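Q: Please read through the structure below; I'll follow up with questions.
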Amino acid sequence: MQYSVNDIQQESVSNITTVTTIVAAPGAGYRIVVLGYLLTLDAAGEYSWSSASTALMGTQEVTADTPVGAFASTGVLHCAENETLRLTATTAANGFVRYVIARA
């Protein structure tokens, strides 16, 4: 996977409390690769990332207003080809996600 800093995109996460699409499907032959994210939850709860057909991680438990972060230069989550990036949270999740659209 090769990309430049100009390819990195960012989406805000604001008051997510159910399964919510954060980034739309990129099209045939492409996938979303999450480079990093930072989330806070308004109250103690859980969150997880998924693509349309696949869980990208297990459920993570978080205490109230504790930031959770994961960053890596090679990507931390990879959606299946042409699938959305979704976030599920049990209480209001806020923050951001940084990603690139890469060839599948």
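Naming works like this for the structure tokens: A, B, ... for the chains as they're shown, residue 1 at the start of each chain, ligands 1 onward in shown order.
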For A:Val68, list every protein, DNA or RNA residue within 8 Å, evaluated using only C-alpha atoms, and leave out those in the same chain fewer than 2 positions away; present the list as a short mmCIF file (atom, residue, chain, number, x, y, z; two decimals) with N, CA, C and O atoms, in the first residue's frame.
A:
data_model
loop_
_atom_site.label_atom_id
_atom_site.label_comp_id
_atom_site.auth_asym_id
_atom_site.auth_seq_id
_atom_site.Cartn_x
_atom_site.Cartn_y
_atom_site.Cartn_z
N LEU A 38 -9.38 8.68 17.33
CA LEU A 38 -9.40 9.10 18.73
C LEU A 38 -10.86 9.28 19.10
O LEU A 38 -11.59 10.02 18.43
N LEU A 39 -11.31 8.57 20.11
CA LEU A 39 -12.70 8.63 20.54
C LEU A 39 -12.78 8.91 22.03
O LEU A 39 -11.91 8.49 22.79
N THR A 40 -13.83 9.59 22.43
CA THR A 40 -14.20 9.68 23.84
C THR A 40 -15.66 9.29 23.93
O THR A 40 -16.43 9.50 22.98
N VAL A 62 -14.89 1.27 27.64
CA VAL A 62 -14.26 2.55 27.94
C VAL A 62 -14.97 3.19 29.12
O VAL A 62 -16.19 3.15 29.22
N THR A 66 -12.82 9.13 28.84
CA THR A 66 -11.44 8.67 28.72
C THR A 66 -11.10 8.53 27.25
O THR A 66 -11.74 7.75 26.55
N ALA A 70 -5.67 4.94 18.75
CA ALA A 70 -4.84 3.95 18.08
C ALA A 70 -4.31 4.59 16.82
O ALA A 70 -5.08 5.07 16.00
#
Q: Please identify the strand (DSSP E or B) residues within chain A (assignment by DSSP from backbone atoms) and present them as a ChimeraX atom specification.
A: /A:9-16,20-23,30-41,45-51,55,60-62,68-71,77-78,85-89,93-103
Q: Please list as a PyMOL selection string every residue within 12 Å of stretch 41-56 of chain A, counting only C-alpha atoms and excluding residues in the same chain fewer than 2 positions away.
A: chain A and resi 13-26+31-34+36-39+58-68+76-95+97
Q: Given the selection you just returned, output its residues as a file containing C-alpha atoms, formatted as an mmCIF file, in the first residue's frame.
A:
data_model
loop_
_atom_site.group_PDB
_atom_site.id
_atom_site.type_symbol
_atom_site.label_atom_id
_atom_site.label_comp_id
_atom_site.auth_asym_id
_atom_site.auth_seq_id
_atom_site.Cartn_x
_atom_site.Cartn_y
_atom_site.Cartn_z
ATOM 1 C CA VAL A 13 -17.404 11.431 14.981
ATOM 2 C CA SER A 14 -20.193 13.191 16.843
ATOM 3 C CA ASN A 15 -22.700 11.687 19.280
ATOM 4 C CA ILE A 16 -22.681 8.197 17.733
ATOM 5 C CA THR A 17 -24.925 5.896 19.786
ATOM 6 C CA THR A 18 -25.920 3.149 17.297
ATOM 7 C CA VAL A 19 -24.479 1.416 14.228
ATOM 8 C CA THR A 20 -23.535 4.421 12.088
ATOM 9 C CA THR A 21 -21.744 4.705 8.752
ATOM 10 C CA ILE A 22 -18.743 7.002 9.179
ATOM 11 C CA VAL A 23 -17.240 6.679 5.657
ATOM 12 C CA ALA A 24 -19.211 5.642 2.560
ATOM 13 C CA ALA A 25 -18.161 2.707 0.371
ATOM 14 C CA PRO A 26 -15.252 3.780 -1.857
ATOM 15 C CA ARG A 31 -11.090 -0.275 0.374
ATOM 16 C CA ILE A 32 -10.969 2.031 3.386
ATOM 17 C CA VAL A 33 -7.832 1.744 5.514
ATOM 18 C CA VAL A 34 -8.050 3.445 8.902
ATOM 19 C CA GLY A 36 -5.892 6.128 13.338
ATOM 20 C CA TYR A 37 -8.742 7.334 15.455
ATOM 21 C CA LEU A 38 -9.404 9.099 18.728
ATOM 22 C CA LEU A 39 -12.698 8.632 20.544
ATOM 23 C CA GLY A 58 -13.734 -6.730 19.175
ATOM 24 C CA THR A 59 -15.858 -4.593 21.455
ATOM 25 C CA GLN A 60 -13.793 -2.170 23.531
ATOM 26 C CA GLU A 61 -14.935 -1.064 26.982
ATOM 27 C CA VAL A 62 -14.259 2.550 27.939
ATOM 28 C CA THR A 63 -14.802 4.573 31.099
ATOM 29 C CA ALA A 64 -16.490 7.973 30.829
ATOM 30 C CA ASP A 65 -14.562 10.794 29.128
ATOM 31 C CA THR A 66 -11.441 8.667 28.722
ATOM 32 C CA PRO A 67 -9.822 9.157 25.302
ATOM 33 C CA VAL A 68 -9.006 5.986 23.425
ATOM 34 C CA VAL A 76 -4.885 -0.247 12.023
ATOM 35 C CA LEU A 77 -8.198 -1.332 10.419
ATOM 36 C CA HIS A 78 -8.941 -2.493 6.865
ATOM 37 C CA CYS A 79 -12.487 -2.651 5.480
ATOM 38 C CA ALA A 80 -13.435 -5.278 2.925
ATOM 39 C CA GLU A 81 -13.444 -4.138 -0.697
ATOM 40 C CA ASN A 82 -16.144 -1.565 -1.506
ATOM 41 C CA GLU A 83 -17.610 -1.587 2.024
ATOM 42 C CA THR A 84 -18.466 1.244 4.396
ATOM 43 C CA LEU A 85 -16.668 1.998 7.652
ATOM 44 C CA ARG A 86 -19.122 1.795 10.552
ATOM 45 C CA LEU A 87 -18.887 2.655 14.241
ATOM 46 C CA THR A 88 -21.130 1.210 16.935
ATOM 47 C CA ALA A 89 -21.238 2.729 20.425
ATOM 48 C CA THR A 90 -23.436 2.155 23.465
ATOM 49 C CA THR A 91 -23.160 5.767 24.623
ATOM 50 C CA ALA A 92 -22.357 9.011 22.779
ATOM 51 C CA ALA A 93 -18.987 8.654 21.036
ATOM 52 C CA ASN A 94 -17.121 11.753 19.839
ATOM 53 C CA GLY A 95 -13.767 12.289 18.146
ATOM 54 C CA VAL A 97 -11.058 8.927 12.352
#
